[in-house]
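Engineer: Please find structure_29.txt (compact mmCIF, C-alpha atoms) on the next line:
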```txt
# COMPACT_ATOMS: atom_id res chain seq x y z
CA MET A 1 -12.67 4.43 -8.86
CA TYR A 2 -11.61 5.44 -12.31
CA GLN A 3 -12.65 8.96 -13.03
CA GLU A 4 -11.11 11.64 -15.12
CA SER A 5 -9.05 14.19 -13.26
CA GLY A 6 -10.56 17.60 -12.91
CA ASP A 7 -9.61 20.60 -14.93
CA ASP A 8 -8.46 22.27 -11.76
CA GLY A 9 -5.76 19.67 -11.33
CA THR A 10 -7.28 18.18 -8.21
CA ILE A 11 -6.59 14.53 -7.60
CA LYS A 12 -9.70 12.55 -8.34
CA ASP A 13 -10.36 8.91 -7.68
CA GLU A 14 -8.45 7.57 -10.64
CA GLU A 15 -5.24 9.30 -9.72
CA ARG A 16 -5.60 8.57 -6.05
CA ILE A 17 -5.58 4.85 -6.65
CA THR A 18 -3.09 4.79 -9.47
CA GLN A 19 -0.41 6.90 -7.91
CA GLY A 20 0.92 4.02 -5.87
CA ILE A 21 4.34 3.25 -7.16
CA ARG A 22 6.07 -0.04 -6.86
CA ILE A 23 9.68 -0.71 -7.51
CA VAL A 24 10.84 -4.27 -7.96
CA THR A 25 14.54 -4.82 -8.33
CA GLY A 26 14.97 -1.31 -9.56
CA LEU A 27 11.95 -1.12 -11.81
CA ILE A 28 9.01 1.07 -11.05
CA ILE A 29 5.50 0.02 -11.80
CA ASN A 30 2.15 1.17 -10.57
CA GLU A 31 1.54 -0.69 -7.36
CA GLY A 32 -1.41 -2.97 -7.85
CA ASP A 33 -2.48 -1.75 -11.26
CA ARG A 34 -3.16 -4.01 -14.24
CA ASN A 35 0.51 -4.12 -15.18
CA ASP A 36 1.70 -5.16 -11.76
CA PRO A 37 2.68 -8.83 -12.01
CA ALA A 38 1.52 -9.31 -8.43
CA SER A 39 -2.01 -8.18 -9.30
CA ILE A 40 -4.91 -10.17 -10.66
CA LEU A 41 -7.78 -9.01 -12.80
CA LEU A 42 -10.32 -7.86 -10.28
CA ALA A 43 -13.25 -5.55 -10.81
CA THR A 44 -16.36 -4.34 -9.07
CA LYS A 45 -19.80 -5.29 -10.30
CA GLY A 46 -19.74 -1.94 -12.00
CA GLY A 47 -16.74 -3.07 -14.03
CA ASN A 48 -14.17 -0.82 -12.42
CA TYR A 49 -10.75 -2.28 -11.76
CA ILE A 50 -9.84 -2.83 -8.12
CA ARG A 51 -6.20 -2.16 -7.36
CA ASN A 52 -4.65 -5.20 -5.78
CA ALA A 53 -1.47 -7.22 -5.30
CA ARG A 54 -0.81 -10.63 -3.84
CA ARG A 55 1.36 -10.14 -0.80
CA PRO A 56 4.24 -12.57 -0.19
CA GLU A 57 3.65 -15.31 2.33
CA LEU A 58 5.30 -14.92 5.71
CA PRO A 59 7.44 -17.75 7.10
CA PRO A 60 5.17 -20.44 8.59
CA GLU A 61 6.72 -20.07 12.02
CA ARG A 62 5.92 -16.36 11.91
CA MET A 63 2.31 -17.09 11.04
CA LYS A 64 2.06 -19.48 13.95
CA GLU A 65 3.53 -16.85 16.23
CA ALA A 66 0.89 -14.43 14.98
CA ARG A 67 -1.85 -16.89 15.79
CA ALA A 68 -0.41 -17.49 19.26
CA LEU A 69 -0.22 -13.76 19.88
CA TRP A 70 -3.83 -13.08 18.97
CA VAL A 71 -5.24 -16.19 20.64
CA LYS A 72 -3.52 -15.11 23.84
CA GLU A 73 -5.14 -11.70 23.52
CA PHE A 74 -8.55 -13.00 22.45
CA PRO A 75 -8.88 -16.55 23.82
CA SER A 76 -12.22 -17.21 22.16
CA ILE A 77 -11.08 -16.63 18.57
CA GLN A 78 -10.70 -19.58 16.26
CA SER A 79 -7.99 -19.69 13.62
CA ARG A 80 -9.32 -20.75 10.25
CA SER A 81 -6.27 -20.35 8.01
CA LEU A 82 -2.82 -18.80 8.13
CA SER A 83 -1.96 -17.07 4.88
CA ALA A 84 -0.55 -13.60 4.31
CA THR A 85 -1.39 -13.20 0.64
CA TYR A 86 -4.73 -11.48 1.12
CA ASN A 87 -6.13 -8.91 3.51
CA CYS A 88 -9.58 -8.51 5.02
CA TYR A 89 -10.90 -6.78 1.90
CA GLY A 90 -9.38 -9.52 -0.24
CA LEU A 91 -11.32 -12.03 1.83
CA VAL A 92 -14.62 -10.20 1.61
CA PHE A 93 -14.49 -8.86 -1.94
CA ALA A 94 -12.06 -11.17 -3.74
CA HIS A 95 -12.58 -14.55 -2.10
CA ARG A 96 -9.08 -14.66 -0.58
CA ARG A 97 -7.37 -14.30 -3.93
CA THR A 98 -5.43 -11.09 -3.37
CA HIS A 99 -4.67 -8.11 -1.14
CA ILE A 100 -6.87 -5.16 -2.07
CA LEU A 101 -4.91 -1.91 -1.92
CA GLY A 102 -6.06 1.60 -1.24
CA ASP A 103 -7.75 3.04 1.78
CA GLY A 104 -11.13 3.20 3.46
CA LYS A 105 -12.59 5.35 0.69
CA ASP A 106 -11.73 2.66 -1.84
CA VAL A 107 -13.59 0.15 0.30
CA GLU A 108 -16.64 2.40 0.39
CA PHE A 109 -16.42 2.65 -3.38
CA ILE A 110 -16.39 -1.14 -3.72
CA LEU A 111 -19.37 -1.43 -1.38
CA ARG A 112 -21.33 1.01 -3.52
CA GLU A 113 -20.28 -0.52 -6.82
CA ASP A 114 -21.09 -4.01 -5.61
CA GLY A 115 -24.58 -2.98 -4.58
CA TYR A 116 -24.20 -3.13 -0.81
CA VAL A 117 -26.62 -1.08 1.27
CA PRO A 118 -26.33 -0.23 4.95
CA VAL A 119 -28.28 -2.37 7.41
CA LYS A 120 -29.56 0.07 9.97
CA SER A 121 -30.74 -2.31 12.66
CA ARG A 122 -28.75 -5.12 14.21
CA ALA A 123 -31.94 -7.14 14.15
CA ASP A 124 -31.81 -7.09 10.36
CA VAL A 125 -28.20 -8.24 10.04
CA GLY A 126 -27.97 -11.69 8.48
CA LEU A 127 -25.47 -14.38 7.62
CA GLY A 128 -23.04 -13.34 4.93
CA ASP A 129 -23.56 -9.63 5.49
CA VAL A 130 -20.47 -7.47 5.77
CA VAL A 131 -19.32 -5.68 8.89
CA VAL A 132 -16.89 -2.80 8.60
CA TYR A 133 -14.90 -1.22 11.40
CA ARG A 134 -13.77 2.32 12.04
CA GLN A 135 -11.78 4.00 14.80
CA HIS A 136 -14.39 6.75 14.97
CA SER A 137 -17.62 7.28 13.13
CA ARG A 138 -16.10 9.94 10.88
CA LYS A 139 -12.85 8.10 10.26
CA GLU A 140 -12.14 5.83 7.33
CA ILE A 141 -12.92 2.15 7.28
CA THR A 142 -10.10 0.15 8.82
CA HIS A 143 -11.27 -3.43 8.58
CA ALA A 144 -14.00 -5.69 7.21
CA GLY A 145 -15.31 -9.18 7.69
CA TYR A 146 -18.48 -11.08 7.09
CA ILE A 147 -21.11 -12.30 9.49
CA ALA A 148 -20.54 -16.00 10.04
CA ALA A 149 -23.03 -16.65 12.83
CA VAL A 150 -25.95 -14.85 14.43
CA ASP A 151 -26.97 -15.65 17.98
CA ARG A 152 -30.33 -14.13 18.85
CA ARG A 153 -30.51 -14.26 22.63
CA VAL A 154 -34.21 -13.75 23.01
CA ASP A 155 -34.07 -14.22 26.77
CA VAL A 156 -32.04 -11.05 27.21
CA GLY A 157 -33.06 -9.30 24.02
CA GLU A 158 -29.56 -9.18 22.57
CA ILE A 159 -27.98 -10.30 19.33
CA ASP A 160 -24.41 -11.51 19.11
CA PHE A 161 -22.48 -11.92 15.89
CA LEU A 162 -19.52 -14.06 15.03
CA VAL A 163 -17.38 -12.57 12.31
CA MET A 164 -14.97 -14.24 9.89
CA SER A 165 -12.18 -11.88 8.96
CA GLN A 166 -8.56 -11.78 7.90
CA TRP A 167 -6.33 -9.80 10.25
CA GLY A 168 -3.87 -8.14 7.91
CA SER A 169 -1.26 -10.78 7.11
CA ASP A 170 -1.74 -12.49 10.48
CA GLY A 171 -4.32 -15.02 9.36
CA GLU A 172 -8.04 -15.54 9.23
CA TYR A 173 -10.11 -15.82 12.39
CA LEU A 174 -13.64 -16.53 13.51
CA HIS A 175 -14.23 -14.07 16.32
CA LYS A 176 -16.78 -12.13 18.30
CA GLU A 177 -17.38 -8.89 16.50
CA GLN A 178 -15.79 -6.87 19.29
CA ASP A 179 -12.68 -9.08 19.48
CA VAL A 180 -10.36 -7.37 17.02
CA PRO A 181 -6.97 -5.65 17.21
CA THR A 182 -7.15 -2.15 18.66
CA MET A 183 -6.05 -0.54 15.42
CA TYR A 184 -9.41 -1.39 13.80
CA GLY A 185 -11.53 0.48 16.34
CA GLN A 186 -14.92 -0.54 17.64
CA VAL A 187 -17.30 1.53 15.54
CA ARG A 188 -19.10 -1.06 13.45
CA GLU A 189 -21.48 -0.79 10.51
CA TYR A 190 -23.24 -3.51 8.60
CA TYR A 191 -23.86 -3.84 4.89
CA THR A 192 -25.73 -6.33 2.77
CA GLU A 193 -26.16 -7.09 -0.91
CA ARG A 194 -29.08 -9.48 -0.26
CA LYS A 195 -31.88 -9.19 -2.77
CA LEU A 196 -35.57 -9.50 -2.06
CA THR A 197 -35.01 -10.67 1.52
CA TYR A 198 -33.84 -7.27 2.65
CA SER A 199 -35.21 -3.80 1.93
CA SER A 200 -38.14 -5.21 0.02
CA MET B 1 12.00 3.92 27.36
CA ASN B 2 15.58 4.44 26.24
CA LEU B 3 16.72 4.31 22.65
CA LYS B 4 18.07 0.79 22.85
CA GLU B 5 14.74 -0.42 24.19
CA ALA B 6 12.89 1.46 21.47
CA PHE B 7 15.00 -0.10 18.72
CA GLY B 8 14.61 -3.49 20.32
CA ARG B 9 10.86 -3.10 20.40
CA ILE B 10 10.61 -1.94 16.78
CA ASP B 11 12.84 -4.78 15.58
CA SER B 12 10.99 -7.41 17.59
CA PRO B 13 8.86 -10.14 16.00
CA GLU B 14 5.93 -9.29 18.26
CA PHE B 15 5.88 -5.69 17.12
CA ALA B 16 5.94 -6.83 13.50
CA LEU B 17 3.09 -9.25 14.07
CA ARG B 18 0.94 -6.59 15.70
CA MET B 19 1.56 -4.05 12.97
CA ASN B 20 1.00 -6.69 10.31
CA ALA B 21 -2.62 -6.91 11.39
CA ALA B 22 -3.14 -3.65 9.48
CA SER B 23 -5.39 -3.94 6.46
CA THR B 24 -3.92 -1.13 4.39
CA LEU B 25 -1.06 1.36 4.49
CA PRO B 26 -3.07 4.17 6.18
CA VAL B 27 -4.10 1.79 8.95
CA PHE B 28 -0.51 0.61 9.27
CA THR B 29 0.88 4.13 9.63
CA ASP B 30 -1.85 5.11 12.08
CA ALA B 31 -0.95 2.10 14.22
CA VAL B 32 2.76 2.84 14.00
CA ARG B 33 2.16 6.45 14.97
CA SER B 34 0.66 5.50 18.32
CA GLU B 35 3.45 3.15 19.40
CA ALA B 36 5.58 4.42 22.29
CA ALA B 37 8.79 3.07 20.79
CA VAL B 38 8.17 4.93 17.56
CA GLU B 39 7.29 8.11 19.44
CA GLU B 40 10.58 7.80 21.32
CA VAL B 41 12.65 7.51 18.15
CA GLU B 42 10.79 10.36 16.49
CA ALA B 43 11.19 12.61 19.53
CA ARG B 44 14.94 12.02 19.56
CA LEU B 45 15.20 12.81 15.87
CA ARG B 46 13.24 16.02 16.31
CA SER B 47 15.36 17.06 19.29
CA LYS B 48 18.53 16.31 17.30
CA THR B 49 19.72 13.87 19.93
CA LEU B 50 19.64 11.09 17.37
CA ASP B 51 21.45 11.26 14.04
CA PRO B 52 19.03 10.20 11.28
CA GLY B 53 21.89 8.41 9.58
CA VAL B 54 21.73 5.90 12.41
CA LEU B 55 18.38 4.72 11.12
CA VAL B 56 19.77 4.23 7.62
CA ASP B 57 22.61 2.20 9.12
CA ARG B 58 20.06 0.24 11.08
CA ILE B 59 18.09 -0.54 7.91
CA LYS B 60 21.28 -1.69 6.21
CA ALA B 61 22.21 -3.85 9.18
CA LEU B 62 18.79 -5.51 9.22
CA GLN B 63 18.93 -5.90 5.45
CA SER B 64 22.18 -7.85 5.75
CA ILE B 65 20.56 -10.54 7.90
CA ALA B 66 19.94 -13.64 5.84
CA THR B 67 16.31 -14.44 5.10
CA ASP B 68 14.39 -17.15 3.31
CA ILE B 69 13.70 -15.62 -0.09
CA ARG B 70 10.56 -17.72 -0.47
CA TYR B 71 8.86 -15.56 2.12
CA GLU B 72 8.32 -11.93 2.98
CA ASN B 73 11.31 -10.39 4.71
CA PRO B 74 10.53 -10.61 8.46
CA ARG B 75 12.14 -7.18 8.98
CA ASP B 76 9.74 -5.45 6.60
CA VAL B 77 7.89 -3.71 9.43
CA ALA B 78 11.13 -2.42 10.96
CA PHE B 79 12.25 -1.10 7.57
CA ALA B 80 8.90 0.61 7.17
CA VAL B 81 8.93 2.17 10.63
CA TYR B 82 12.41 3.62 10.28
CA LEU B 83 11.58 5.00 6.85
CA TRP B 84 8.28 6.45 8.05
CA VAL B 85 9.95 8.23 10.96
CA LEU B 86 12.69 9.56 8.70
CA SER B 87 10.16 10.83 6.18
CA ARG B 88 8.58 12.90 8.96
CA THR B 89 11.78 14.24 10.44
CA ALA B 90 14.60 14.08 7.89
CA PRO B 91 13.13 13.92 4.37
CA ASP B 92 16.48 14.03 2.59
CA ILE B 93 17.81 11.12 4.61
CA ALA B 94 14.52 9.34 4.02
CA LEU B 95 15.31 9.32 0.30
CA ILE B 96 18.52 7.43 1.00
CA ALA B 97 16.62 5.00 3.19
CA ALA B 98 14.00 4.56 0.48
CA GLU B 99 16.71 3.78 -2.06
CA THR B 100 18.16 1.17 0.23
CA ILE B 101 14.79 -0.39 0.95
CA LEU B 102 13.84 -0.65 -2.70
CA SER B 103 16.79 -2.95 -3.28
CA ILE B 104 15.40 -5.44 -0.77
CA PRO B 105 13.29 -8.26 -2.20
CA GLN B 106 10.09 -9.61 -0.70
CA ILE B 107 8.94 -6.60 1.26
CA TRP B 108 5.49 -5.07 1.61
CA TRP B 109 4.81 -2.04 3.81
CA SER B 110 8.32 -0.69 3.42
CA ARG B 111 8.13 -0.88 -0.35
CA GLN B 112 4.85 1.01 -0.38
CA LEU B 113 6.29 3.68 1.89
CA ALA B 114 9.50 3.90 -0.14
CA GLY B 115 7.50 4.43 -3.32
CA GLN B 116 5.44 7.06 -1.56
CA THR B 117 8.58 8.79 -0.28
CA LEU B 118 10.07 9.01 -3.76
CA ARG B 119 6.77 10.13 -5.23
CA ASP B 120 6.39 12.87 -2.63
CA LYS B 121 9.90 14.05 -3.40
CA ARG B 122 9.17 14.23 -7.09
CA ASN B 123 5.97 16.13 -6.47
CA GLU B 124 7.85 18.55 -4.28
CA SER B 125 10.63 19.05 -6.81
CA ALA B 126 8.07 19.75 -9.48
CA GLY B 127 7.26 22.86 -7.47
CA SER B 128 3.53 22.77 -7.77
CA THR B 129 0.53 21.63 -5.85
CA LEU B 130 -1.02 20.33 -9.04
CA ALA B 131 -1.05 16.61 -9.54
CA PRO B 132 2.10 15.80 -11.51
CA ILE B 133 2.27 13.64 -14.53
CA THR B 134 5.36 11.57 -14.03
CA TYR B 135 7.34 9.75 -16.66
CA HIS B 136 9.54 6.95 -15.50
CA VAL B 137 12.28 5.95 -17.85
CA ALA B 138 15.14 3.82 -16.68
CA VAL B 139 18.46 3.71 -18.47
CA VAL B 140 21.99 2.70 -17.78
CA GLY B 141 25.11 4.56 -18.62
CA ASN B 142 26.00 8.17 -18.34
CA ALA B 143 22.89 9.33 -16.59
CA ALA B 144 23.93 12.95 -16.78
CA THR B 145 23.39 12.90 -20.52
CA LEU B 146 19.84 11.67 -20.19
CA PRO B 147 17.33 12.64 -21.29
CA ILE B 148 18.44 15.79 -23.02
CA GLU B 149 15.18 16.45 -24.75
CA LEU B 150 13.25 16.34 -21.51
CA SER B 151 15.56 18.47 -19.45
CA THR B 152 13.36 21.52 -19.62
CA PHE B 153 11.17 19.68 -17.15
CA PRO B 154 12.33 18.93 -13.60
CA PHE B 155 13.97 15.58 -13.49
CA SER B 156 16.09 13.55 -11.17
CA VAL B 157 18.14 10.42 -11.50
CA GLU B 158 18.28 7.55 -9.07
CA GLN B 159 20.38 4.46 -9.21
CA HIS B 160 19.01 1.06 -8.32
CA SER B 161 21.75 -1.54 -8.63
CA ASN B 162 22.61 -1.47 -12.32
CA VAL B 163 19.65 0.58 -13.42
CA PHE B 164 19.24 4.31 -13.42
CA VAL B 165 15.73 5.58 -13.08
CA VAL B 166 15.08 9.01 -14.46
CA TYR B 167 12.05 10.82 -13.15
CA VAL B 168 10.56 13.55 -15.22
CA ALA B 169 7.68 15.41 -13.69
CA PHE B 170 5.29 17.86 -15.15
CA HIS B 171 1.74 18.73 -14.51
CA ALA B 172 -1.77 17.97 -15.52
CA GLY B 173 -2.66 20.06 -18.50
CA THR B 174 0.96 20.62 -19.48
CA SER B 175 1.49 20.24 -23.15
CA PHE B 176 4.21 17.80 -24.02
CA SER B 177 4.91 17.03 -27.66
CA GLY B 178 1.54 18.49 -28.43
CA ILE B 179 -0.38 15.98 -26.36
CA GLN B 180 -2.47 16.73 -23.33
CA ARG B 181 -2.49 14.11 -20.64
CA ASN B 182 -4.46 13.55 -17.52
CA VAL B 183 -3.18 10.26 -16.19
CA SER B 184 -0.26 9.35 -14.01
CA VAL B 185 2.51 7.05 -15.04
CA VAL B 186 2.90 6.69 -18.73
CA ALA B 187 6.27 5.24 -19.48
CA LEU B 188 8.66 2.80 -17.97
CA SER B 189 11.66 1.27 -19.58
CA ALA B 190 14.88 -0.22 -18.39
CA ILE B 191 18.05 -1.58 -19.83
CA SER B 192 20.71 -3.68 -18.21
CA SER B 193 24.22 -2.61 -17.36
CA GLN B 194 25.33 -4.01 -20.70
CA GLY B 195 22.95 -1.69 -22.45
CA ARG B 196 20.48 -4.39 -23.37
CA ILE B 197 16.84 -3.48 -23.06
CA ILE B 198 15.36 -5.71 -20.41
CA SER B 199 12.01 -4.06 -20.12
CA ARG B 200 10.32 -1.54 -22.27
CA LEU B 201 6.85 -0.88 -21.15
CA ALA B 202 4.38 1.76 -22.02
CA THR B 203 1.70 1.92 -19.41
CA THR B 204 -1.26 4.06 -18.72
CA GLY B 205 -2.98 4.56 -15.43
CA ALA B 206 -6.34 3.89 -16.95
CA THR B 207 -8.19 6.10 -19.36
CA GLY B 208 -5.12 7.74 -20.77
CA THR B 209 -5.79 10.48 -23.23
CA GLY B 210 -2.97 9.91 -25.62
CA ALA B 211 -0.88 8.50 -22.82
CA LEU B 212 0.26 5.48 -24.73
CA ASN B 213 1.36 7.59 -27.65
CA THR B 214 3.14 9.87 -25.29
CA ALA B 215 4.90 6.95 -23.66
CA ASN B 216 6.14 5.82 -27.01
CA GLN B 217 7.34 9.31 -27.76
CA VAL B 218 9.28 9.37 -24.54
CA ASN B 219 10.83 6.04 -25.35
CA ASN B 220 11.70 7.19 -28.82
CA LYS B 221 13.41 10.28 -27.50
CA ILE B 222 16.04 8.14 -25.88
CA ASP B 223 18.65 6.30 -27.80
CA TRP B 224 18.11 3.03 -26.02
CA ASP B 225 20.79 1.26 -27.94
CA LYS B 226 23.49 3.76 -27.14
```
If you convert what's in this file into structure tokens, what do you get?

Structural biologist:
Amino acid sequence: MYQESGDDGTIKDEERITQGIRIVTGLIINEGDRNDPASILLATKGGNYIRNARRPELPPERMKEARALWVKEFPSIQSRSLSATYNCYGLVFAHRRTHILGDGKDVEFILREDGYVPVKSRADVGLGDVVVYRQHSRKEITHAGYIAAVDRRVDVGEIDFLVMSQWGSDGEYLHKEQDVPTMYGQVREYYTERKLTYSS
Amino acid sequence: MNLKEAFGRIDSPEFALRMNAASTLPVFTDAVRSEAAVEEVEARLRSKTLDPGVLVDRIKALQSIATDIRYENPRDVAFAVYLWVLSRTAPDIALIAAETILSIPQIWWSRQLAGQTLRDKRNESAGSTLAPITYHVAVVGNAATLPIELSTFPFSVEQHSNVFVVYVAFHAGTSFSGIQRNVSVVALSAISSQGRIISRLATTGATGTGALNTANQVNNKIDWDK
């Protein structure tokens, strides 16, 4: 995430994530960098800082309206918590402490730095693994959650997953993996950082 | 969908809730882009059947609605949508909208977009496709006199309440005071309307090559106590 910029002036990773600008009551700071008072110290396993900022809470009645909206659309989802201060990546990579900024490429960077590897087969997906969503296979990651339950339906040869994920600022839900807002897309990939039990 | 319906949709709580499901700004703008109400407003701006100033007035009207300061402004999504549409259709007016938005506390998407709008403008005014190194120094007083020493570089002045922010942009590899830099923001300072320094920061994006020294040089070039 932090790399030197190239001699040709191209924008490399460091600049891409540090160019966010935040202005608070007239002052400009780098959105989500170490000097942003809304940020917390957060780094990958590789030691690279992850740009982040704790988002303000939304009014409680708004959060309840959000839950009602999504439960109406996806009746089987279960609301776990209603807080706006973290996003899906903050849930998965920062234990709900903050909203991780950036874009899908930053998420891929965190996955790499944290030692996640793709799980090719659904049969190998396990509890605690990470699922990421994309609109299309070549588009950037739009959303992430972790596998909270695995239902191996041996009678029909299918595997169903329940996912725990934070939907933007609209709260955290336990949901079928396909039950997500349209903006996330339905292309799903699975990643794990399990040691010894996977890929060995 | 007529314009009144489009505005009503964009300002509605349900629209805000749906857009707030976005994880990051790119996902947010992609979602906004595909909304019929937003397409309607953008089409009218492009066809000149809607004055872009109307959207600035709309932002100001929404801004004036009382909110609970403990929480995020519930109109944040509407602010962001109007700014995003303006940035695509009327960039100069978008700057005014961005200025207005940045004076609003407790916002999220709209603040990110406003920062991006101002940053894009600075990059454009720097007249290069190279990544600019941007110095942010904020002072109060006769902005036209500031900062004389830096005026050989493109700069602009913006006013946020009682603080002027002076943007000075130059490019990666440019020599400034004999120091080469390759990081982004290096200096930020501000003083109050009474001339008192309220914040004097020297920041580096990360691995700044001499950036901190450069920030101090920029600060020292300005008579902060004037």

Engineer: Under the rule that only C-alpha atoms are counted, which of A:Glu108, A:Asp103, A:Asp160, A:Glu113 is the nearest residue to A:Val125?

Structural biologist: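 Distance minimum relative to A:Val125 lands on A:Asp160.
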
Engineer: From the list B:Asp76, B:Asp68, B:Glu99, B:Asp120, which residue is nearest B:Pro13 when using all atoms listed in the file?

Structural biologist: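 Distance minimum relative to B:Pro13 lands on B:Asp76.
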
Engineer: Residues near stretch 162-164 of chain A, anyone? I mean within 8 Å using all atoms listed in the file, not counting same-chain ones fewer than 6 positions away, as a VMD selection string.

Structural biologist: chain A and resid 131 145 to 150 172 to 177

Engineer: Identify the residues around (11.0, -13.3, -0.9) within a radius of 12 Å, measuring from only C-alpha atoms in the coordinates stated by the file, and give them as JSON, numbers by chain.

Structural biologist: {"A": [24, 25, 55, 56, 57, 58, 59], "B": [66, 67, 68, 69, 70, 71, 72, 73, 74, 75, 76, 104, 105, 106, 107, 108]}

Engineer: Counting all atoms listed in the file, which residue out of A:Asp170, A:Ala144, A:Ile110, A:His136 sits closest to A:Val187?

Structural biologist: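 The answer is A:His136, which sits nearest to A:Val187.
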
Engineer: Please indicate the distance in Å from atom CA of B:Arg111 to atom CA of B:Ser23, rounded to one decimal place.

Structural biologist: 15.4 Å

Engineer: With all atoms listed in the file as the counted atoms, please give the residues lying no more than 10 Å from B:Ala94, apart from itself and same-chain residues fewer than 3 positions off, as a ChimeraX atom specification.

Structural biologist: /B:52-53,55-56,82-91,97-100,114,117-118,121

Engineer: Separation of atom CA of A:Val71 and atom CA of B:Ala21, in Å?

Structural biologist: 13.4 Å

Engineer: Give me the residues near B:Val27 as a VMD selection string, where near means some atom within 12 Å (using all atoms listed in the file) and where sequence neighbours in that chain fewer than 3 positions away do not count.

Structural biologist: (chain A and resid 101 to 104 133 to 135 139 to 143 167 to 168 181 to 185) or (chain B and resid 18 to 24 30 to 34 109)

Engineer: Could you dump the residues just selected with C-alpha atoms as an mmCIF file, in the coordinates of the input?

Structural biologist:
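Wrote again-v4.cif, looks like this:
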```cif
data_model
loop_
_atom_site.group_PDB
_atom_site.id
_atom_site.type_symbol
_atom_site.label_atom_id
_atom_site.label_comp_id
_atom_site.auth_asym_id
_atom_site.auth_seq_id
_atom_site.Cartn_x
_atom_site.Cartn_y
_atom_site.Cartn_z
ATOM 1 C CA LEU A 101 -4.910 -1.910 -1.920
ATOM 2 C CA GLY A 102 -6.060 1.600 -1.240
ATOM 3 C CA ASP A 103 -7.750 3.040 1.780
ATOM 4 C CA GLY A 104 -11.130 3.200 3.460
ATOM 5 C CA TYR A 133 -14.900 -1.220 11.400
ATOM 6 C CA ARG A 134 -13.770 2.320 12.040
ATOM 7 C CA GLN A 135 -11.780 4.000 14.800
ATOM 8 C CA LYS A 139 -12.850 8.100 10.260
ATOM 9 C CA GLU A 140 -12.140 5.830 7.330
ATOM 10 C CA ILE A 141 -12.920 2.150 7.280
ATOM 11 C CA THR A 142 -10.100 0.150 8.820
ATOM 12 C CA HIS A 143 -11.270 -3.430 8.580
ATOM 13 C CA TRP A 167 -6.330 -9.800 10.250
ATOM 14 C CA GLY A 168 -3.870 -8.140 7.910
ATOM 15 C CA PRO A 181 -6.970 -5.650 17.210
ATOM 16 C CA THR A 182 -7.150 -2.150 18.660
ATOM 17 C CA MET A 183 -6.050 -0.540 15.420
ATOM 18 C CA TYR A 184 -9.410 -1.390 13.800
ATOM 19 C CA GLY A 185 -11.530 0.480 16.340
ATOM 20 C CA ARG B 18 0.940 -6.590 15.700
ATOM 21 C CA MET B 19 1.560 -4.050 12.970
ATOM 22 C CA ASN B 20 1.000 -6.690 10.310
ATOM 23 C CA ALA B 21 -2.620 -6.910 11.390
ATOM 24 C CA ALA B 22 -3.140 -3.650 9.480
ATOM 25 C CA SER B 23 -5.390 -3.940 6.460
ATOM 26 C CA THR B 24 -3.920 -1.130 4.390
ATOM 27 C CA ASP B 30 -1.850 5.110 12.080
ATOM 28 C CA ALA B 31 -0.950 2.100 14.220
ATOM 29 C CA VAL B 32 2.760 2.840 14.000
ATOM 30 C CA ARG B 33 2.160 6.450 14.970
ATOM 31 C CA SER B 34 0.660 5.500 18.320
ATOM 32 C CA TRP B 109 4.810 -2.040 3.810
#
```

Engineer: Using only C-alpha atoms, which residue out of A:Ser137, A:Thr85, A:Ser79, A:Ser39 lies closest to A:Ser165?

Structural biologist: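 The closest residue to A:Ser165 is A:Ser79.
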
Engineer: Grab the atom CA of B:Arg44 to atom CA of B:Arg9 distance for me, in Å with one decimal place.

Structural biologist: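 Taking atom CA of B:Arg44 and atom CA of B:Arg9, their separation equals 15.7 Å.
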
Engineer: Using all atoms listed in the file for the distances, tell me which of A:Tyr191, A:Arg153, A:Gln166, A:Phe93 is nearest to chain B.

Structural biologist: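 Result for the nearest residue to chain B: A:Gln166.
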
Engineer: In the coordinate frame of the file, compute which residues have an atom within 6 Å of (-6.6, -5.7, -1.3) when using all atoms listed in the file, and state them as a PyMOL selection string.

Structural biologist: chain A and resi 52+87+89-90+98-101

Engineer: Hey, which of A:Ser81, A:Gln178, A:Ser121, A:Ser169 ends up closest to chain B? Count all atoms listed in the file.

Structural biologist: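 That would be A:Ser169, the residue with the smallest distance to chain B.
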